[in-house]
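Text of structure24.txt, listed as compact mmCIF, C-alpha atoms:
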# COMPACT_ATOMS: atom_id res chain seq x y z
CA MET A 1 -69.88 -86.16 -78.84
CA ALA A 2 -66.16 -86.29 -78.18
CA GLU A 3 -65.81 -90.04 -78.50
CA HIS A 4 -67.81 -90.64 -81.69
CA SER A 5 -64.78 -90.75 -83.95
CA SER A 6 -63.64 -94.16 -82.72
CA GLU A 7 -64.21 -96.89 -85.29
CA HIS A 8 -66.75 -98.88 -83.30
CA HIS A 9 -68.43 -97.10 -80.49
CA ILE A 10 -69.96 -99.61 -78.13
CA VAL A 11 -72.47 -98.10 -75.74
CA PRO A 12 -71.85 -99.55 -72.23
CA LEU A 13 -74.66 -101.70 -70.83
CA LYS A 14 -75.19 -99.39 -67.85
CA TYR A 15 -76.67 -96.78 -70.24
CA TYR A 16 -79.20 -99.35 -71.46
CA PHE A 17 -80.15 -100.35 -67.92
CA GLY A 18 -80.48 -96.67 -66.99
CA VAL A 19 -82.88 -95.96 -69.85
CA PHE A 20 -84.82 -99.15 -69.05
CA GLY A 21 -85.27 -98.02 -65.43
CA LEU A 22 -86.32 -94.56 -66.56
CA LEU A 23 -88.90 -95.99 -68.98
CA MET A 24 -90.40 -98.23 -66.29
CA VAL A 25 -90.63 -95.39 -63.74
CA LEU A 26 -92.15 -93.02 -66.30
CA THR A 27 -94.70 -95.64 -67.36
CA ALA A 28 -95.79 -95.87 -63.71
CA VAL A 29 -95.90 -92.05 -63.59
CA THR A 30 -98.06 -91.99 -66.75
CA VAL A 31 -100.63 -94.37 -65.26
CA LEU A 32 -100.56 -92.65 -61.86
CA VAL A 33 -100.98 -89.13 -63.24
CA ALA A 34 -103.73 -90.30 -65.62
CA SER A 35 -105.79 -91.44 -62.62
CA PHE A 36 -105.94 -87.91 -61.19
CA ASP A 37 -108.42 -85.44 -62.56
CA LEU A 38 -106.08 -82.60 -63.46
CA GLU A 39 -108.76 -81.14 -65.71
CA HIS A 40 -110.22 -79.48 -62.62
CA ILE A 41 -107.10 -77.33 -62.52
CA TRP A 42 -106.88 -76.68 -66.24
CA GLY A 43 -108.75 -78.30 -69.14
CA PRO A 44 -105.92 -79.80 -71.17
CA LEU A 45 -103.57 -80.49 -68.21
CA ASN A 46 -104.03 -84.30 -68.23
CA ILE A 47 -103.10 -84.62 -71.88
CA ILE A 48 -100.22 -82.13 -71.56
CA VAL A 49 -98.66 -84.12 -68.69
CA ALA A 50 -99.20 -87.43 -70.51
CA MET A 51 -97.60 -86.17 -73.72
CA THR A 52 -94.69 -84.51 -71.89
CA VAL A 53 -93.87 -87.81 -70.17
CA ALA A 54 -94.22 -89.68 -73.50
CA VAL A 55 -91.86 -87.21 -75.22
CA ILE A 56 -89.27 -87.66 -72.43
CA LYS A 57 -89.53 -91.46 -72.82
CA ALA A 58 -89.21 -91.26 -76.62
CA THR A 59 -86.21 -88.93 -76.35
CA ALA A 60 -84.41 -91.34 -74.00
CA VAL A 61 -85.07 -94.23 -76.41
CA VAL A 62 -83.83 -92.22 -79.41
CA LEU A 63 -80.69 -90.90 -77.71
CA ILE A 64 -79.51 -94.07 -75.96
CA PHE A 65 -81.24 -97.20 -77.34
CA MET A 66 -80.99 -95.85 -80.89
CA HIS A 67 -77.46 -94.46 -80.30
CA VAL A 68 -78.28 -91.02 -81.71
CA ARG A 69 -76.21 -89.38 -78.97
CA TRP A 70 -73.19 -91.01 -80.60
CA SER A 71 -74.38 -90.77 -84.23
CA SER A 72 -72.73 -88.63 -86.88
CA LYS A 73 -73.73 -84.98 -87.19
CA LEU A 74 -75.32 -85.76 -90.57
CA THR A 75 -77.65 -88.38 -89.06
CA GLN A 76 -78.55 -86.06 -86.19
CA VAL A 77 -79.36 -83.15 -88.51
CA ILE A 78 -81.56 -85.38 -90.71
CA ILE A 79 -83.47 -86.68 -87.66
CA ILE A 80 -84.08 -83.15 -86.36
CA SER A 81 -85.29 -81.99 -89.78
CA GLY A 82 -87.60 -85.04 -89.91
CA LEU A 83 -89.07 -84.08 -86.53
CA PHE A 84 -89.53 -80.52 -87.81
CA TRP A 85 -91.43 -81.92 -90.80
CA LEU A 86 -93.71 -83.85 -88.42
CA LEU A 87 -94.31 -80.60 -86.51
CA ILE A 88 -95.38 -78.92 -89.77
CA LEU A 89 -97.80 -81.78 -90.47
CA LEU A 90 -99.36 -81.60 -87.00
CA VAL A 91 -99.45 -77.81 -86.51
CA MET A 92 -100.60 -76.90 -90.02
CA GLY A 93 -103.11 -79.77 -90.03
CA VAL A 94 -104.67 -78.75 -86.71
CA THR A 95 -104.65 -75.07 -87.75
CA ASP A 96 -106.55 -75.92 -90.91
CA TYR A 97 -109.25 -77.87 -89.09
CA MET A 98 -109.58 -75.22 -86.39
CA ALA A 99 -110.18 -72.61 -89.09
CA ARG A 100 -113.13 -74.57 -90.53
CA THR A 101 -116.29 -74.26 -88.51
CA GLY A 102 -118.54 -77.27 -88.49
CA TRP A 103 -116.07 -79.76 -89.96
CA PRO A 104 -115.80 -82.67 -89.45
CA THR A 105 -119.61 -82.74 -89.41
CA LYS A 106 -120.76 -84.38 -86.20
CA LEU A 107 -122.36 -87.77 -86.74
CA GLY A 108 -126.04 -88.09 -86.03
CA GLN A 109 -126.69 -84.33 -86.00
CA MET B 1 -59.06 -101.60 -106.20
CA ALA B 2 -55.62 -102.95 -105.47
CA GLU B 3 -55.72 -101.65 -101.92
CA HIS B 4 -58.72 -103.89 -101.23
CA ALA B 5 -56.65 -107.00 -101.76
CA THR B 6 -57.24 -107.93 -98.12
CA HIS B 7 -61.00 -108.07 -98.42
CA VAL B 8 -62.96 -107.53 -95.22
CA PRO B 9 -65.83 -110.02 -94.88
CA GLY B 10 -69.16 -108.22 -95.00
CA LEU B 11 -67.85 -105.12 -96.80
CA ALA B 12 -69.79 -104.49 -100.01
CA HIS B 13 -67.55 -103.52 -102.93
CA HIS B 14 -69.11 -100.08 -103.40
CA PHE B 15 -68.03 -98.88 -99.96
CA VAL B 16 -64.55 -97.65 -99.10
CA SER B 17 -64.55 -98.84 -95.51
CA MET B 18 -66.67 -100.63 -92.92
CA GLU B 19 -67.19 -97.30 -91.20
CA GLN B 20 -68.58 -95.70 -94.36
CA GLN B 21 -70.80 -98.72 -95.00
CA LYS B 22 -72.19 -98.61 -91.46
CA GLU B 23 -72.80 -94.85 -91.68
CA ALA B 24 -74.68 -95.26 -94.98
CA GLY B 25 -76.78 -98.10 -93.55
CA THR B 26 -77.68 -96.20 -90.39
CA LEU B 27 -78.58 -93.06 -92.33
CA GLY B 28 -80.70 -95.04 -94.80
CA MET B 29 -82.58 -96.71 -91.97
CA TRP B 30 -83.24 -93.36 -90.30
CA ILE B 31 -84.63 -91.93 -93.54
CA PHE B 32 -86.97 -94.94 -93.76
CA LEU B 33 -87.98 -94.43 -90.12
CA LEU B 34 -88.72 -90.75 -90.78
CA THR B 35 -91.14 -91.76 -93.56
CA GLU B 36 -92.72 -94.10 -90.97
CA LEU B 37 -92.89 -91.14 -88.59
CA MET B 38 -94.83 -89.12 -91.16
CA PHE B 39 -97.10 -92.13 -91.79
CA PHE B 40 -97.96 -92.54 -88.10
CA GLY B 41 -97.95 -88.74 -87.76
CA GLY B 42 -100.93 -88.54 -90.12
CA LEU B 43 -102.79 -91.00 -87.89
CA PHE B 44 -101.94 -89.02 -84.76
CA LEU B 45 -103.28 -85.93 -86.56
CA ALA B 46 -106.52 -87.81 -87.31
CA TYR B 47 -106.67 -88.79 -83.63
CA THR B 48 -106.28 -85.13 -82.56
CA ILE B 49 -108.97 -83.89 -84.95
CA TYR B 50 -111.54 -86.55 -84.05
CA ARG B 51 -110.83 -86.32 -80.35
CA THR B 52 -111.49 -82.57 -80.56
CA THR B 53 -114.72 -83.27 -82.47
CA TYR B 54 -115.96 -86.08 -80.16
CA PRO B 55 -114.45 -85.53 -76.70
CA GLU B 56 -117.21 -87.57 -74.97
CA GLY B 57 -116.83 -90.41 -77.48
CA PHE B 58 -113.08 -90.66 -76.82
CA LEU B 59 -113.52 -90.39 -73.05
CA TYR B 60 -116.15 -93.10 -73.04
CA GLY B 61 -114.38 -95.25 -75.62
CA SER B 62 -111.11 -95.38 -73.69
CA HIS B 63 -113.05 -96.92 -70.78
CA LEU B 64 -113.92 -99.86 -73.01
CA LEU B 65 -110.22 -100.73 -73.33
CA ASN B 66 -108.44 -102.99 -70.86
CA VAL B 67 -105.86 -100.84 -69.02
CA PRO B 68 -104.12 -103.79 -67.20
CA LEU B 69 -103.60 -105.60 -70.53
CA GLY B 70 -102.48 -102.42 -72.30
CA GLY B 71 -100.14 -101.64 -69.39
CA THR B 72 -98.73 -105.16 -69.45
CA ASN B 73 -98.03 -104.80 -73.17
CA THR B 74 -96.30 -101.47 -72.50
CA VAL B 75 -93.96 -103.20 -70.04
CA VAL B 76 -93.45 -106.13 -72.46
CA LEU B 77 -92.38 -103.70 -75.19
CA ILE B 78 -90.02 -101.78 -72.89
CA VAL B 79 -88.34 -105.03 -71.79
CA SER B 80 -88.10 -106.12 -75.43
CA SER B 81 -86.41 -102.83 -76.30
CA LEU B 82 -83.85 -103.53 -73.56
CA THR B 83 -83.21 -107.08 -74.80
CA MET B 84 -82.89 -105.78 -78.39
CA ALA B 85 -80.38 -103.17 -77.22
CA MET B 86 -78.46 -105.97 -75.47
CA ALA B 87 -78.53 -108.07 -78.65
CA VAL B 88 -76.94 -105.11 -80.47
CA TYR B 89 -74.37 -104.82 -77.66
CA TYR B 90 -73.31 -108.48 -77.91
CA SER B 91 -73.26 -108.35 -81.72
CA GLN B 92 -70.77 -105.49 -81.42
CA LEU B 93 -68.62 -107.65 -79.13
CA GLY B 94 -68.93 -110.56 -81.57
CA GLU B 95 -70.43 -112.84 -78.91
CA LYS B 96 -72.57 -115.10 -81.04
CA LYS B 97 -74.28 -117.15 -78.28
CA LYS B 98 -75.39 -114.12 -76.27
CA LEU B 99 -76.50 -112.34 -79.46
CA ILE B 100 -78.75 -115.28 -80.40
CA PHE B 101 -80.04 -115.56 -76.83
CA PHE B 102 -81.15 -111.92 -76.67
CA LEU B 103 -82.66 -112.04 -80.17
CA LEU B 104 -84.69 -115.08 -79.07
CA VAL B 105 -85.86 -113.31 -75.90
CA THR B 106 -86.89 -110.28 -77.98
CA LEU B 107 -88.79 -112.55 -80.38
CA ALA B 108 -90.54 -114.27 -77.47
CA LEU B 109 -91.60 -110.88 -76.05
CA CYS B 110 -92.87 -109.89 -79.50
CA PHE B 111 -95.12 -112.96 -79.48
CA VAL B 112 -96.30 -112.22 -75.92
CA PHE B 113 -97.32 -108.73 -77.08
CA LEU B 114 -99.17 -110.09 -80.12
CA ILE B 115 -100.97 -112.78 -78.10
CA ILE B 116 -102.18 -110.22 -75.54
CA LYS B 117 -103.27 -107.96 -78.41
CA TYR B 118 -105.15 -110.90 -79.97
CA PHE B 119 -107.13 -111.47 -76.75
CA GLU B 120 -107.90 -107.75 -76.51
CA TYR B 121 -109.21 -107.71 -80.08
CA MET B 122 -111.23 -110.89 -79.57
CA SER B 123 -112.99 -109.49 -76.50
CA LYS B 124 -113.92 -106.33 -78.46
CA ILE B 125 -115.27 -108.43 -81.33
CA HIS B 126 -117.13 -110.61 -78.83
CA ASP B 127 -118.80 -107.51 -77.36
CA HIS B 128 -119.83 -106.42 -80.89
CA LEU B 129 -117.53 -103.40 -80.65
CA PHE B 130 -115.60 -103.93 -83.89
CA PRO B 131 -116.60 -100.82 -85.85
CA ALA B 132 -116.62 -102.27 -89.38
CA PHE B 133 -118.14 -105.00 -91.57
CA GLY B 134 -121.59 -104.51 -90.04
CA THR B 135 -120.47 -106.10 -86.76
CA TYR B 136 -120.90 -102.97 -84.63
CA HIS B 137 -123.94 -103.69 -82.44
CA PRO B 138 -123.04 -102.56 -78.91
CA SER B 139 -125.61 -103.10 -76.20
CA THR B 140 -126.93 -100.07 -74.36
CA THR B 141 -126.49 -101.60 -70.90
CA GLY B 142 -123.89 -103.60 -69.00
CA PRO B 143 -120.14 -103.02 -68.59
CA HIS B 144 -119.56 -103.07 -72.37
CA GLY B 145 -122.68 -101.13 -73.17
CA ILE B 146 -122.74 -97.65 -74.71
CA PRO B 147 -125.66 -95.22 -74.34
CA LEU B 148 -127.46 -94.77 -77.64
CA GLU B 149 -126.46 -91.14 -78.16
CA LEU B 150 -122.74 -92.01 -77.72
CA GLN B 151 -122.66 -95.07 -79.97
CA GLN B 152 -121.56 -93.24 -83.12
CA PRO B 153 -118.90 -91.03 -81.44
CA VAL B 154 -117.49 -94.10 -79.64
CA ARG B 155 -117.45 -95.90 -82.99
CA VAL B 156 -115.12 -93.20 -84.36
CA PHE B 157 -112.82 -93.78 -81.37
CA LEU B 158 -112.89 -97.55 -81.97
CA TRP B 159 -112.03 -96.99 -85.65
CA ILE B 160 -108.98 -94.97 -84.62
CA TYR B 161 -108.12 -97.58 -81.96
CA PHE B 162 -108.26 -100.54 -84.36
CA LEU B 163 -106.50 -98.66 -87.15
CA MET B 164 -103.59 -97.37 -85.05
CA THR B 165 -103.03 -100.46 -82.89
CA GLY B 166 -103.61 -102.69 -85.92
CA LEU B 167 -100.92 -100.95 -87.95
CA HIS B 168 -98.66 -101.04 -84.90
CA ALA B 169 -99.30 -104.79 -84.53
CA LEU B 170 -98.52 -105.21 -88.25
CA HIS B 171 -95.16 -103.57 -87.58
CA MET B 172 -94.62 -106.03 -84.73
CA ILE B 173 -95.33 -108.96 -87.07
CA VAL B 174 -92.83 -107.56 -89.59
CA GLY B 175 -90.41 -107.16 -86.66
CA ALA B 176 -90.88 -110.84 -85.79
CA GLY B 177 -89.91 -111.72 -89.37
CA ILE B 178 -86.83 -109.50 -89.10
CA LEU B 179 -85.84 -111.13 -85.78
CA ILE B 180 -86.22 -114.64 -87.22
CA THR B 181 -84.02 -113.63 -90.17
CA LEU B 182 -81.40 -112.18 -87.80
CA ILE B 183 -81.40 -115.34 -85.66
CA TYR B 184 -80.91 -117.44 -88.81
CA MET B 185 -78.05 -115.20 -90.01
CA ALA B 186 -76.43 -115.19 -86.58
CA GLN B 187 -76.61 -118.98 -86.42
CA LYS B 188 -74.84 -119.13 -89.79
CA GLY B 189 -72.07 -117.02 -88.28
CA ARG B 190 -72.69 -114.05 -90.55
CA PHE B 191 -72.09 -111.45 -87.84
CA THR B 192 -68.68 -110.55 -86.48
CA LYS B 193 -67.16 -107.82 -84.37
CA GLN B 194 -66.47 -105.97 -87.63
CA TYR B 195 -69.78 -106.65 -89.38
CA ASN B 196 -73.03 -106.32 -87.40
CA SER B 197 -74.96 -103.54 -89.19
CA PRO B 198 -78.06 -105.69 -89.85
CA VAL B 199 -78.49 -106.22 -86.10
CA GLU B 200 -77.96 -102.54 -85.31
CA ILE B 201 -80.30 -101.32 -88.06
CA SER B 202 -83.02 -103.80 -87.08
CA GLY B 203 -82.60 -102.51 -83.53
CA LEU B 204 -83.46 -99.00 -84.77
CA TYR B 205 -86.66 -100.37 -86.33
CA TRP B 206 -87.57 -102.22 -83.14
CA HIS B 207 -87.09 -99.17 -80.92
CA PHE B 208 -89.14 -97.05 -83.32
CA VAL B 209 -92.08 -99.44 -83.00
CA ASP B 210 -91.67 -99.19 -79.21
CA ILE B 211 -91.82 -95.37 -79.42
CA VAL B 212 -95.11 -95.50 -81.35
CA TRP B 213 -96.60 -97.59 -78.53
CA ILE B 214 -95.26 -95.15 -75.91
CA PHE B 215 -97.64 -92.58 -77.44
CA LEU B 216 -100.52 -94.94 -78.23
CA PHE B 217 -100.85 -96.26 -74.66
CA PRO B 218 -101.73 -92.97 -72.90
CA LEU B 219 -103.71 -91.59 -75.87
CA LEU B 220 -105.95 -94.63 -76.31
CA TYR B 221 -106.10 -96.44 -72.95
CA LEU B 222 -105.64 -93.68 -70.37
CA THR B 223 -107.61 -90.83 -71.93
CA GLY B 224 -110.66 -91.31 -69.70
CA PHE B 225 -108.78 -92.91 -66.81
CA HIS B 226 -109.22 -89.91 -64.47
CA VAL B 227 -112.99 -89.88 -64.86
CA SER B 228 -113.90 -92.76 -62.59
CA GLY B 229 -116.79 -94.82 -63.83
CA ALA B 230 -117.48 -92.68 -66.88
CA GLY B 231 -117.84 -95.84 -68.89
CA HIS B 232 -119.93 -97.79 -66.45
Rewritten as structure tokens:
Amino acid sequence: MAEHSSEHHIVPLKYYFGVFGLLMVLTAVTVLVASFDLEHIWGPLNIIVAMTVAVIKATAVVLIFMHVRWSSKLTQVIIISGLFWLLILLVMGVTDYMARTGWPTKLGQ
Amino acid sequence: MAEHATHVPGLAHHFVSMEQQKEAGTLGMWIFLLTELMFFGGLFLAYTIYRTTYPEGFLYGSHLLNVPLGGTNTVVLIVSSLTMAMAVYYSQLGEKKKLIFFLLVTLALCFVFLIIKYFEYMSKIHDHLFPAFGTYHPSTTGPHGIPLELQQPVRVFLWIYFLMTGLHALHMIVGAGILITLIYMAQKGRFTKQYNSPVEISGLYWHFVDIVWIFLFPLLYLTGFHVSGAGH
């Protein structure tokens, strides 16, 4: 955060190449892990691993490719509040559906 | 206004400085992207609810998708994100030729993605797996067949698949339009070391579309990947 006051912050190319490498490796990890049946260990383990890897990839893209690491505090706060809003949508939405038994009605039953 | 006698090219009159203008543009783009996040968020919520309702349908349905093609498109998008980031880098340095080169590479990768997506869609339509317009008539046998009792649950999965990847592809098409506009502007010499916000802001959009795919690929293509032969 120290250097964000300079008029034009130019992110060095090595950061971009680093994130690119990370994304490629994690894509391979995603495919590899998906081919193992982790559900034998614990029901939702496959999806948890897949989503954790996806969140790491997205975070790297946001911080480096999208320059948020060097963005102003205002931009960073607005992004975090936006993510919090998404969390409300997902958590409250899922909670609502879990509380209703028999909805959505299964097709053909 | 007297102090603006030495007018900076690209600075709109309602901004005090280039820095303020860039900050306002970046913030505005992020607010737009957060509305996009809520838009796709609703679809991811629908995915979660229907996957919970029809786990077998989603498991079986994901086996109907082509993992090598989906994986190739994932790599294409990651490379395009890198080339877009490099376009932004060279726009900041004011290197016009390299900026145009990397915008063109990004555009080419965008088309590669869309062409692969087109072939994926066509094969689904060919196998009578498109869930709407009365064209959904899957066979019950063969590699693209679905057992009778799973046909409706798989249809729900295919709805979600076409809706989410279709809207993502629409964003790619819009992105292609943005890239063409940027290439035109760059050719006209509109971007300088001091003024390159359009490139940077379009970069944010491009990376956002990449992030959506980062989640779509495992959720749609790899969901049933660990259950070998579940679809066959």
A:Val25 environment, 12 Å, all atoms listed in the file, sequence neighbours closer than 5 positions dropped, as a ChimeraX atom specification: /A:18-20,30-32,53-54,56-57 /B:75,78
So that I have them on file, write out the residues from the current selection with C-alpha atoms, as a PDB file, keeping the file's coordinate frame.
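Final output, selection.pdb:
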ATOM      1  CA  GLY A  18     -80.480 -96.670 -66.990  1.00  0.00           C
ATOM      2  CA  VAL A  19     -82.880 -95.960 -69.850  1.00  0.00           C
ATOM      3  CA  PHE A  20     -84.820 -99.150 -69.050  1.00  0.00           C
ATOM      4  CA  THR A  30     -98.060 -91.990 -66.750  1.00  0.00           C
ATOM      5  CA  VAL A  31    -100.630 -94.370 -65.260  1.00  0.00           C
ATOM      6  CA  LEU A  32    -100.560 -92.650 -61.860  1.00  0.00           C
ATOM      7  CA  VAL A  53     -93.870 -87.810 -70.170  1.00  0.00           C
ATOM      8  CA  ALA A  54     -94.220 -89.680 -73.500  1.00  0.00           C
ATOM      9  CA  ILE A  56     -89.270 -87.660 -72.430  1.00  0.00           C
ATOM     10  CA  LYS A  57     -89.530 -91.460 -72.820  1.00  0.00           C
TER      11      LYS A  57
ATOM     12  CA  VAL B  75     -93.960-103.200 -70.040  1.00  0.00           C
ATOM     13  CA  ILE B  78     -90.020-101.780 -72.890  1.00  0.00           C
TER      14      ILE B  78
END
Atom CA of B:Phe157 to atom CA of B:Phe111, distance in Å rounded to a single decimal: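 A separation of 26.2 Å between them.
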Sorted per-residue table, chain B near chain A, closest atoms and distance, 8 Å, all atoms listed in the file, as a Markdown table:
| residue | atom | partner | partner_atom | distance |
| --- | --- | --- | --- | --- |
| B:Glu19 | CA | A:Glu7 | CA | 6.6 |
| B:Glu23 | CA | A:Ser72 | CA | 7.9 |
| B:Thr26 | CA | A:Thr75 | CA | 7.9 |
| B:Leu27 | CA | A:Thr75 | CA | 5.8 |
| B:Trp30 | CA | A:Ile79 | CA | 7.2 |
| B:Ile31 | CA | A:Ile78 | CA | 7.8 |
| B:Leu34 | CA | A:Gly82 | CA | 5.9 |
| B:Leu37 | CA | A:Leu86 | CA | 7.3 |
| B:Met38 | CA | A:Leu86 | CA | 6.0 |
| B:Gly41 | CA | A:Leu86 | CA | 6.5 |
| B:Gly42 | CA | A:Leu89 | CA | 7.5 |
| B:Leu45 | CA | A:Leu90 | CA | 5.9 |
| B:Thr48 | CA | A:Val94 | CA | 7.8 |
| B:Ile49 | CA | A:Val94 | CA | 6.9 |
| B:Tyr50 | CA | A:Pro104 | CA | 7.9 |
| B:Thr53 | CA | A:Pro104 | CA | 7.1 |
| B:Tyr54 | CA | A:Lys106 | CA | 7.9 |
| B:Thr74 | CA | A:Thr27 | CA | 7.9 |
| B:Val75 | CA | A:Met24 | CA | 7.2 |
| B:Ile78 | CA | A:Phe20 | CA | 7.0 |
| B:Val79 | CA | A:Phe20 | CA | 7.4 |
| B:Ser81 | CA | A:Phe65 | CA | 7.7 |
| B:Leu82 | CA | A:Phe20 | CA | 6.4 |
| B:Ala85 | CA | A:Phe65 | CA | 6.0 |
| B:Met86 | CA | A:Leu13 | CA | 7.4 |
| B:Tyr89 | CA | A:Ile10 | CA | 6.8 |
| B:Gln92 | CA | A:Ile10 | CA | 6.8 |
| B:Gln152 | CA | A:Leu107 | CA | 6.6 |
| B:Pro153 | CA | A:Leu107 | CA | 7.1 |
| B:Gly203 | CA | A:Met66 | CA | 7.3 |
| B:Leu204 | CA | A:Met66 | CA | 5.6 |
| B:His207 | CA | A:Met66 | CA | 6.9 |
| B:Ile211 | CA | A:Ala58 | CA | 5.6 |
| B:Ile214 | CA | A:Ala54 | CA | 6.1 |
| B:Phe215 | CA | A:Ala54 | CA | 6.0 |
| B:Pro218 | CA | A:Ala50 | CA | 6.5 |
| B:Leu222 | CA | A:Ala34 | CA | 6.1 |
| B:Thr223 | CA | A:Ala34 | CA | 7.4 |
| B:Phe225 | CA | A:Ser35 | CA | 5.4 |
| B:His226 | CA | A:Ser35 | CA | 4.2 |
| B:Val227 | CA | A:Asp37 | CA | 6.8 |
Go ahead and save the residues from that selection, with C-alpha atoms, as a PDB file, in the coordinates of the input.
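Okay, this is what ended up in selection_28.pdb:
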ATOM      1  CA  GLU B  19     -67.190 -97.300 -91.200  1.00  0.00           C
ATOM      2  CA  GLU B  23     -72.800 -94.850 -91.680  1.00  0.00           C
ATOM      3  CA  THR B  26     -77.680 -96.200 -90.390  1.00  0.00           C
ATOM      4  CA  LEU B  27     -78.580 -93.060 -92.330  1.00  0.00           C
ATOM      5  CA  TRP B  30     -83.240 -93.360 -90.300  1.00  0.00           C
ATOM      6  CA  ILE B  31     -84.630 -91.930 -93.540  1.00  0.00           C
ATOM      7  CA  LEU B  34     -88.720 -90.750 -90.780  1.00  0.00           C
ATOM      8  CA  LEU B  37     -92.890 -91.140 -88.590  1.00  0.00           C
ATOM      9  CA  MET B  38     -94.830 -89.120 -91.160  1.00  0.00           C
ATOM     10  CA  GLY B  41     -97.950 -88.740 -87.760  1.00  0.00           C
ATOM     11  CA  GLY B  42    -100.930 -88.540 -90.120  1.00  0.00           C
ATOM     12  CA  LEU B  45    -103.280 -85.930 -86.560  1.00  0.00           C
ATOM     13  CA  THR B  48    -106.280 -85.130 -82.560  1.00  0.00           C
ATOM     14  CA  ILE B  49    -108.970 -83.890 -84.950  1.00  0.00           C
ATOM     15  CA  TYR B  50    -111.540 -86.550 -84.050  1.00  0.00           C
ATOM     16  CA  THR B  53    -114.720 -83.270 -82.470  1.00  0.00           C
ATOM     17  CA  TYR B  54    -115.960 -86.080 -80.160  1.00  0.00           C
ATOM     18  CA  THR B  74     -96.300-101.470 -72.500  1.00  0.00           C
ATOM     19  CA  VAL B  75     -93.960-103.200 -70.040  1.00  0.00           C
ATOM     20  CA  ILE B  78     -90.020-101.780 -72.890  1.00  0.00           C
ATOM     21  CA  VAL B  79     -88.340-105.030 -71.790  1.00  0.00           C
ATOM     22  CA  SER B  81     -86.410-102.830 -76.300  1.00  0.00           C
ATOM     23  CA  LEU B  82     -83.850-103.530 -73.560  1.00  0.00           C
ATOM     24  CA  ALA B  85     -80.380-103.170 -77.220  1.00  0.00           C
ATOM     25  CA  MET B  86     -78.460-105.970 -75.470  1.00  0.00           C
ATOM     26  CA  TYR B  89     -74.370-104.820 -77.660  1.00  0.00           C
ATOM     27  CA  GLN B  92     -70.770-105.490 -81.420  1.00  0.00           C
ATOM     28  CA  GLN B 152    -121.560 -93.240 -83.120  1.00  0.00           C
ATOM     29  CA  PRO B 153    -118.900 -91.030 -81.440  1.00  0.00           C
ATOM     30  CA  GLY B 203     -82.600-102.510 -83.530  1.00  0.00           C
ATOM     31  CA  LEU B 204     -83.460 -99.000 -84.770  1.00  0.00           C
ATOM     32  CA  HIS B 207     -87.090 -99.170 -80.920  1.00  0.00           C
ATOM     33  CA  ILE B 211     -91.820 -95.370 -79.420  1.00  0.00           C
ATOM     34  CA  ILE B 214     -95.260 -95.150 -75.910  1.00  0.00           C
ATOM     35  CA  PHE B 215     -97.640 -92.580 -77.440  1.00  0.00           C
ATOM     36  CA  PRO B 218    -101.730 -92.970 -72.900  1.00  0.00           C
ATOM     37  CA  LEU B 222    -105.640 -93.680 -70.370  1.00  0.00           C
ATOM     38  CA  THR B 223    -107.610 -90.830 -71.930  1.00  0.00           C
ATOM     39  CA  PHE B 225    -108.780 -92.910 -66.810  1.00  0.00           C
ATOM     40  CA  HIS B 226    -109.220 -89.910 -64.470  1.00  0.00           C
ATOM     41  CA  VAL B 227    -112.990 -89.880 -64.860  1.00  0.00           C
TER      42      VAL B 227
END
Non-local contacts of stretch 118-126 of chain B (9 Å; only C-alpha atoms; under 5 positions in same chain excluded) as a list in words: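 Answer for this query is Leu64, Leu65, Asn66, Leu69, Gly70, Phe113, Pro131, Thr135, Tyr136, His144 and Phe162 of chain B.
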Using only C-alpha atoms, please write the residues we just selected to a file, as a short mmCIF file (atom, residue, chain, number, x, y, z; two decimals), in the frame of the given file.
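Contents of result07.cif, freshly written:
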data_model
loop_
_atom_site.label_atom_id
_atom_site.label_comp_id
_atom_site.auth_asym_id
_atom_site.auth_seq_id
_atom_site.Cartn_x
_atom_site.Cartn_y
_atom_site.Cartn_z
CA LEU B 64 -113.92 -99.86 -73.01
CA LEU B 65 -110.22 -100.73 -73.33
CA ASN B 66 -108.44 -102.99 -70.86
CA LEU B 69 -103.60 -105.60 -70.53
CA GLY B 70 -102.48 -102.42 -72.30
CA PHE B 113 -97.32 -108.73 -77.08
CA PRO B 131 -116.60 -100.82 -85.85
CA THR B 135 -120.47 -106.10 -86.76
CA TYR B 136 -120.90 -102.97 -84.63
CA HIS B 144 -119.56 -103.07 -72.37
CA PHE B 162 -108.26 -100.54 -84.36
#
Separation of atom CA of B:Leu99 from atom CA of B:Lys188 in Å: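 Atom-to-atom, atom CA of B:Lys188 to atom CA of B:Leu99, that is 12.5 Å.
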B:Leu150 surroundings by only C-alpha atoms, 9 Å radius, close-in-sequence under 4 positions cut, as a PyMOL selection string: chain B and resi 56-57+60+146+154-155
Serialized selection, C-alpha atoms, as a short mmCIF file (atom, residue, chain, number, x, y, z; two decimals), in the coordinates of the input:
data_model
loop_
_atom_site.label_atom_id
_atom_site.label_comp_id
_atom_site.auth_asym_id
_atom_site.auth_seq_id
_atom_site.Cartn_x
_atom_site.Cartn_y
_atom_site.Cartn_z
CA GLU B 56 -117.21 -87.57 -74.97
CA GLY B 57 -116.83 -90.41 -77.48
CA TYR B 60 -116.15 -93.10 -73.04
CA ILE B 146 -122.74 -97.65 -74.71
CA VAL B 154 -117.49 -94.10 -79.64
CA ARG B 155 -117.45 -95.90 -82.99
#
Between atom CA of B:Leu163 and atom CA of B:Leu182 - distance in Å to one decimal: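 Value for the atom CA of B:Leu182-atom CA of B:Leu163 distance: 28.5 Å.
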Contact residues around B:Leu59 with all atoms listed in the file at 8 Å, ignoring same-chain residues under 3 positions, as a list in words: Pro55, Glu56, Ser62, His63, Thr223, Gly224 and Ala230 of chain B
Best match for closeness to B:Gln151 among B:Gly189, B:Gly25, B:Pro138, B:Gly94, counting only C-alpha atoms: B:Pro138
